[in-house]
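This is data_35.csv (CSV, C-alpha atoms and all ligand atoms).
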```
chain,number,residue,atom,x,y,z
A,1,MET,CA,0.0,0.0,0.0
A,2,ARG,CA,1.4,3.4,-0.9
A,3,LYS,CA,2.1,5.7,2.0
A,4,TYR,CA,1.6,9.4,2.1
A,5,ARG,CA,3.7,11.6,4.3
A,6,ILE,CA,2.3,15.0,5.2
A,7,ALA,CA,4.4,17.9,6.6
A,8,VAL,CA,2.3,19.9,9.0
A,9,PHE,CA,2.9,23.6,9.7
A,10,VAL,CA,1.3,25.2,12.8
A,11,GLY,CA,1.1,29.0,12.7
A,12,SER,CA,1.6,29.6,16.4
A,13,LEU,CA,4.4,29.0,18.8
A,14,ARG,CA,2.3,29.3,21.9
A,15,LYS,CA,2.6,26.4,24.4
A,16,ASP,CA,-1.1,26.0,24.8
A,17,SER,CA,-1.9,26.8,21.2
A,18,ASN,CA,-5.4,25.9,20.0
A,19,ASN,CA,-4.0,25.5,16.5
A,20,ARG,CA,-1.5,23.0,17.7
A,21,LYS,CA,-4.3,21.1,19.5
A,22,LEU,CA,-6.3,21.2,16.2
A,23,ALA,CA,-3.3,19.9,14.3
A,24,ASN,CA,-2.8,17.1,16.8
A,25,ALA,CA,-6.5,16.1,16.7
A,26,ILE,CA,-7.3,16.4,13.0
A,27,VAL,CA,-4.6,13.8,12.1
A,28,ARG,CA,-6.4,11.2,14.2
A,29,LEU,CA,-9.2,11.3,11.6
A,30,ALA,CA,-6.9,10.2,8.8
A,31,PRO,CA,-6.6,6.7,7.3
A,32,SER,CA,-3.6,4.5,8.2
A,33,ASP,CA,-1.8,5.1,4.8
A,34,PHE,CA,-1.3,8.8,5.9
A,35,SER,CA,1.3,9.9,8.4
A,36,PHE,CA,1.7,13.5,9.6
A,37,LYS,CA,4.7,15.2,11.1
A,38,GLN,CA,4.7,18.7,12.6
A,39,VAL,CA,7.6,20.6,11.2
A,40,GLN,CA,9.5,22.7,13.7
A,41,ILE,CA,9.6,26.4,12.7
A,42,SER,CA,10.5,27.9,16.1
A,43,ASP,CA,14.3,27.6,15.7
A,44,LEU,CA,14.5,29.1,12.2
A,45,PRO,CA,16.5,32.4,12.1
A,46,LEU,CA,14.8,35.5,10.7
A,47,TYR,CA,15.0,35.1,6.9
A,48,ASN,CA,17.9,37.1,5.5
A,49,GLN,CA,18.7,36.8,1.8
A,50,ASP,CA,22.4,37.2,2.6
A,51,ASP,CA,22.4,33.7,4.1
A,52,ASP,CA,21.0,32.0,0.9
A,53,ALA,CA,24.4,30.6,0.0
A,54,ASN,CA,25.0,29.3,3.6
A,55,PRO,CA,21.7,28.3,5.2
A,56,ALA,CA,21.4,27.3,8.8
A,57,GLU,CA,21.0,23.6,9.7
A,58,SER,CA,17.3,24.4,10.8
A,59,VAL,CA,16.7,25.7,7.3
A,60,LYS,CA,18.2,22.7,5.6
A,61,ARG,CA,16.0,20.5,7.8
A,62,LEU,CA,12.9,22.5,7.0
A,63,LYS,CA,13.5,22.1,3.2
A,64,GLY,CA,14.4,18.4,3.6
A,65,GLU,CA,11.1,17.7,5.4
A,66,ILE,CA,9.0,19.4,2.8
A,67,THR,CA,10.9,17.7,-0.1
A,68,ALA,CA,10.3,14.3,1.5
A,69,SER,CA,6.6,14.8,1.9
A,70,GLN,CA,3.8,14.1,-0.6
A,71,GLY,CA,1.6,16.9,0.8
A,72,LEU,CA,1.2,19.8,3.3
A,73,LEU,CA,-1.2,20.8,6.0
A,74,PHE,CA,-1.3,24.4,7.4
A,75,VAL,CA,-3.1,24.9,10.7
A,76,THR,CA,-2.7,28.6,11.5
A,77,ALA,CA,-3.7,31.3,13.9
A,78,GLU,CA,-4.7,34.8,12.6
A,79,TYR,CA,-2.6,37.7,13.8
A,80,ASN,CA,-3.8,41.1,12.9
A,81,ARG,CA,-5.9,39.8,10.1
A,82,SER,CA,-3.0,37.9,8.4
A,83,ILE,CA,-0.5,35.0,8.8
A,84,PRO,CA,1.6,35.1,12.0
A,85,GLY,CA,5.2,36.2,11.1
A,86,VAL,CA,6.7,32.9,12.3
A,87,LEU,CA,4.8,31.0,9.6
A,88,LYS,CA,5.6,33.5,6.9
A,89,ASN,CA,9.3,33.4,7.9
A,90,ALA,CA,9.2,29.6,7.4
A,91,ILE,CA,7.5,29.9,4.0
A,92,ASP,CA,10.1,32.5,2.9
A,93,HIS,CA,13.0,30.3,4.0
A,94,ALA,CA,11.8,27.2,2.1
A,95,SER,CA,11.1,29.3,-1.0
A,96,ARG,CA,14.8,30.3,-1.5
A,97,PRO,CA,17.4,30.4,-3.0
A,98,TYR,CA,15.6,31.6,-6.2
A,99,GLY,CA,14.9,28.6,-8.3
A,100,GLN,CA,15.3,26.1,-5.5
A,101,SER,CA,12.0,26.4,-3.7
A,102,ALA,CA,10.9,23.3,-1.8
A,103,TRP,CA,7.2,24.2,-2.1
A,104,ALA,CA,6.4,23.8,-5.8
A,105,GLY,CA,3.7,21.3,-6.6
A,106,LYS,CA,3.1,20.1,-3.0
A,107,PRO,CA,-0.7,19.9,-2.5
A,108,ALA,CA,-1.8,21.6,0.8
A,109,GLY,CA,-4.8,21.8,3.1
A,110,VAL,CA,-5.4,25.0,5.1
A,111,MET,CA,-7.4,25.5,8.3
A,112,GLY,CA,-7.3,27.4,11.5
A,113,VAL,CA,-8.9,28.3,14.8
A,114,SER,CA,-9.1,31.7,16.5
A,115,VAL,CA,-11.0,33.5,19.2
A,116,GLY,CA,-12.6,35.7,16.6
A,117,ALA,CA,-16.0,35.0,15.0
A,118,ILE,CA,-14.5,34.6,11.5
A,119,GLY,CA,-12.1,31.9,12.6
A,120,THR,CA,-8.9,32.8,10.8
A,121,ALA,CA,-10.7,33.4,7.4
A,122,ILE,CA,-8.6,36.4,6.5
A,123,ALA,CA,-5.3,34.8,7.5
A,124,GLN,CA,-6.2,31.8,5.4
A,125,GLN,CA,-7.0,33.9,2.4
A,126,HIS,CA,-3.6,35.6,2.8
A,127,LEU,CA,-1.9,32.2,3.1
A,128,ARG,CA,-3.7,30.9,0.0
A,129,ASN,CA,-2.5,33.9,-1.9
A,130,VAL,CA,1.2,33.2,-0.9
A,131,LEU,CA,0.8,29.5,-1.6
A,132,ALA,CA,-0.6,30.2,-5.1
A,133,TYR,CA,2.5,32.2,-6.0
A,134,LEU,CA,4.7,29.3,-4.7
A,135,ASP,CA,2.8,26.9,-7.0
A,136,VAL,CA,1.2,25.0,-4.1
A,137,PRO,CA,-2.3,23.9,-5.0
A,138,THR,CA,-4.7,24.2,-2.1
A,139,LEU,CA,-7.9,22.2,-1.3
A,140,GLY,CA,-10.7,24.8,-1.9
A,141,GLN,CA,-13.6,23.1,-0.1
A,142,PRO,CA,-14.7,22.6,2.5
A,143,GLU,CA,-13.2,25.7,4.1
A,144,VAL,CA,-12.4,25.3,7.8
A,145,PHE,CA,-12.9,28.5,9.8
A,146,ILE,CA,-13.2,27.5,13.5
A,147,GLN,CA,-14.0,29.8,16.4
A,148,ALA,CA,-12.4,28.4,19.7
A,149,LYS,CA,-15.3,27.4,22.0
A,150,ASP,CA,-15.6,25.0,24.9
A,151,GLY,CA,-16.1,21.5,23.6
A,152,LEU,CA,-14.0,21.9,20.5
A,153,PHE,CA,-11.7,19.2,21.9
A,154,ASP,CA,-12.8,16.4,24.2
A,155,GLU,CA,-10.8,15.5,27.4
A,156,ASN,CA,-8.5,13.2,25.4
A,157,GLY,CA,-7.6,15.9,22.8
A,158,ASN,CA,-9.8,14.5,20.1
A,159,ILE,CA,-12.1,16.7,18.0
A,160,GLY,CA,-15.3,17.2,20.1
A,161,ALA,CA,-18.7,15.8,19.1
A,162,GLY,CA,-20.0,19.1,17.7
A,163,SER,CA,-17.3,19.4,15.0
A,164,LYS,CA,-16.4,15.8,14.4
A,165,LYS,CA,-18.7,15.1,11.5
A,166,PHE,CA,-17.6,18.3,9.6
A,167,LEU,CA,-13.9,17.7,10.2
A,168,GLN,CA,-14.1,14.1,9.3
A,169,ALA,CA,-15.7,15.1,6.0
A,170,TRP,CA,-12.9,17.6,5.5
A,171,MET,CA,-10.3,14.9,6.1
A,172,ASP,CA,-12.0,12.5,3.7
A,173,GLN,CA,-12.0,15.1,1.0
A,174,TYR,CA,-8.4,16.1,1.7
A,175,VAL,CA,-7.2,12.4,1.5
A,176,ALA,CA,-9.1,11.8,-1.9
A,177,TRP,CA,-7.8,15.1,-3.3
A,178,LEU,CA,-4.2,14.5,-2.2
A,179,LYS,CA,-4.1,11.0,-3.7
A,180,LYS,CA,-5.3,12.5,-7.1
A,181,HIS,CA,-2.4,15.0,-6.9
A,182,ALA,CA,0.1,12.4,-6.0
A,183,ALA,CA,-0.9,10.0,-8.8
B,201,LIG,C1,-0.6,39.5,17.9
B,201,LIG,C2,-2.0,38.9,17.9
B,201,LIG,C3,-2.8,39.3,16.9
B,201,LIG,C4,-4.1,38.7,16.9
B,201,LIG,N1,-5.0,39.0,15.8
B,201,LIG,C5,-6.1,38.3,15.7
B,201,LIG,C6,-6.9,38.5,14.5
B,201,LIG,O1,-6.6,39.2,13.6
B,201,LIG,N2,-8.0,37.7,14.4
B,201,LIG,C7,-8.4,36.8,15.3
B,201,LIG,O2,-9.4,36.2,15.2
B,201,LIG,N3,-7.7,36.7,16.5
B,201,LIG,C8,-6.5,37.4,16.6
B,201,LIG,N4,-5.7,37.2,17.7
B,201,LIG,C9,-6.2,36.2,18.8
B,201,LIG,C10,-5.9,34.8,18.4
B,201,LIG,O3,-7.0,34.3,17.7
B,201,LIG,C11,-5.7,33.9,19.7
B,201,LIG,O4,-4.6,34.5,20.4
B,201,LIG,C12,-5.5,32.5,19.3
B,201,LIG,O5,-5.6,31.7,20.5
B,201,LIG,C13,-4.2,32.3,18.6
B,201,LIG,O6,-4.0,30.9,18.2
B,201,LIG,P1,-3.3,29.9,19.1
B,201,LIG,O7,-4.2,29.5,20.2
B,201,LIG,O8,-3.0,28.7,18.2
B,201,LIG,O9,-2.0,30.5,19.6
B,201,LIG,C14,-4.5,37.7,17.8
B,201,LIG,C15,-3.6,37.4,18.8
B,201,LIG,C16,-2.3,38.0,18.9
B,201,LIG,C17,-1.4,37.5,19.9
```
What is this structure when it is put down as structure tokens?
Ligand SMILES: Cc1cc2nc3c(=O)[nH]c(=O)nc-3n(C[C@H](O)[C@H](O)[C@H](O)COP(=O)(O)O)c2cc1C
Amino acid sequence: MRKYRIAVFVGSLRKDSNNRKLANAIVRLAPSDFSFKQVQISDLPLYNQDDDANPAESVKRLKGEITASQGLLFVTAEYNRSIPGVLKNAIDHASRPYGQSAWAGKPAGVMGVSVGAIGTAIAQQHLRNVLAYLDVPTLGQPEVFIQAKDGLFDENGNIGAGSKKFLQAWMDQYVAWLKKHAA
């Protein structure tokens, strides 16, 4: 059976991050031929084009993990109606040096949770814009804009009953779409 390795990017470094909890929980809805690994972005230096010829070990690791994956999953917070800087920094790192982007052609899912009523919708639109430029196709539907509320996760960190059906449908769609891209 073919295996699909997915590189997961969490757009928040906060210890108690809801987006990290969502990233941990959503992968439990995936079939056994899919494996997910959260990519560390907290130790990346601030992107500086002067370093393109001599990238840090953390940058080489980042690009290696993307290259080794068949797909991507972004689970991001919204900061000031856009993508948190830590996530954009990681995206910029892996897009360079010019002509050596690790992103091109890797299919991606996008989702997020925030305290705001529109549940990271604007951050996700900004992210989709950036990913389109990097030649990363994104799953269009269903969109996943989640407002953090009690019961979103159960006591074991699984998706709570109220969102389970919707997010399982998202996962089923993501899996089918990703397999088509990987074929
Ligand atoms: C710098 C900053 C900017 C924020 N801007 C937004 C925003 O534009 N929209 C929103 O819904 N929430 C915003 N928030 C609140 C976040 O939704 C909330 O902190 C959320 O818990 C962050 O995700 P996390 O739990 O994964 O860290 C902001 C929080 C911070 C710290």
Mind listing whatever residues come within 10 Å of the point (4.0, 12.1, -2.1)? Use only C-alpha atoms, file coordinates, and give them as JSON, numbers by chain. {"A": [2, 3, 4, 5, 6, 67, 68, 69, 70, 71, 72, 106, 107, 178, 179, 181, 182, 183]}
Would you name the residues within 8 Å of ligand LIG 201 (chain B), counting all atoms listed in the file, and put them as JSON, numbers by chain? {"A": [10, 11, 12, 13, 14, 15, 16, 17, 18, 19, 20, 21, 76, 77, 78, 79, 80, 81, 82, 84, 113, 114, 115, 116, 117, 118, 119, 120, 122, 123, 147, 148]}
Restricting to all atoms listed in the file, whichever of A:Pro97, A:Ala25, A:Ser58, A:Ile159 is closest to Asp43 in chain A is A:Ser58
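Interatomic distance, CA of Phe34 in chain A against CA of Leu167 in chain A: 16.0 Å.
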Could you state the separation of CA of Ser95 in chain A and CA of Asn48 in chain A in Å, given to one decimal place?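 One can read the CA of Ser95 in chain A to CA of Asn48 in chain A distance as 12.2 Å.
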Nearest to Tyr47 in chain A among A:Pro31, A:Gly85, A:Pro142, A:Gly112, with distances taken over only C-alpha atoms: which residue is it?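 Counting only C-alpha atoms, the residue closest to Tyr47 in chain A is A:Gly85.
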Within 10 Å of Ala90 in chain A, counting all atoms listed in the file, which residues qualify if same-chain residues fewer than 4 places away don't, as an NGL selection string? :A and (9 or 11 or 39-47 or 59 or 62-63 or 85-86 or 94-95)
From A:Asn158, A:Thr138, A:Asn89, A:Asn129, residue lying nearest Met111 in chain A [all atoms listed in the file]: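 Under the stated criterion, the closest residue is A:Thr138.
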Rank A:Ala161, A:Val110, A:Ala30, A:Leu139 by their smallest atom-to-atom distance to Lys180 in chain A, using all atoms listed in the file, and report the top residue only.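 Selected residue with least distance to Lys180 in chain A: A:Leu139.
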For CA of Leu73 in chain A and CA of Asn156 in chain A, determine how far apart the two atoms are, in Å to one decimal place.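 These two atoms are separated by 22.1 Å.
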For Ala7 in chain A, which residue out of A:Glu65, A:Glu57, A:Glu155, A:Asp172 is the nearest one, using all atoms listed in the file?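 Checking each candidate against Ala7 in chain A, we get A:Glu65 as the closest.
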Using the file's own x, y and z axes, so that the box edges lie along x, y and z, what centre and edge lengths in Å (one decimal) does a box around every listed atom of range 10-29 of chain A get when 4 Å is added on each side? Give it as JSON.
```
{"center_x": -2.4, "center_y": 20.4, "center_z": 18.2, "size_x": 21.6, "size_y": 26.4, "size_z": 21.2}
```
Quick one: residues within 9 Å of Arg96 in chain A, all atoms listed in the file, excluding same-chain residues fewer than 6 positions away - as a ChimeraX atom specification? /A:49,52,102
Have a look at A:Ile83, A:Val130, A:Val8, A:Val136 and name the one nearest to Val27 in chain A; count all atoms listed in the file. A:Val8
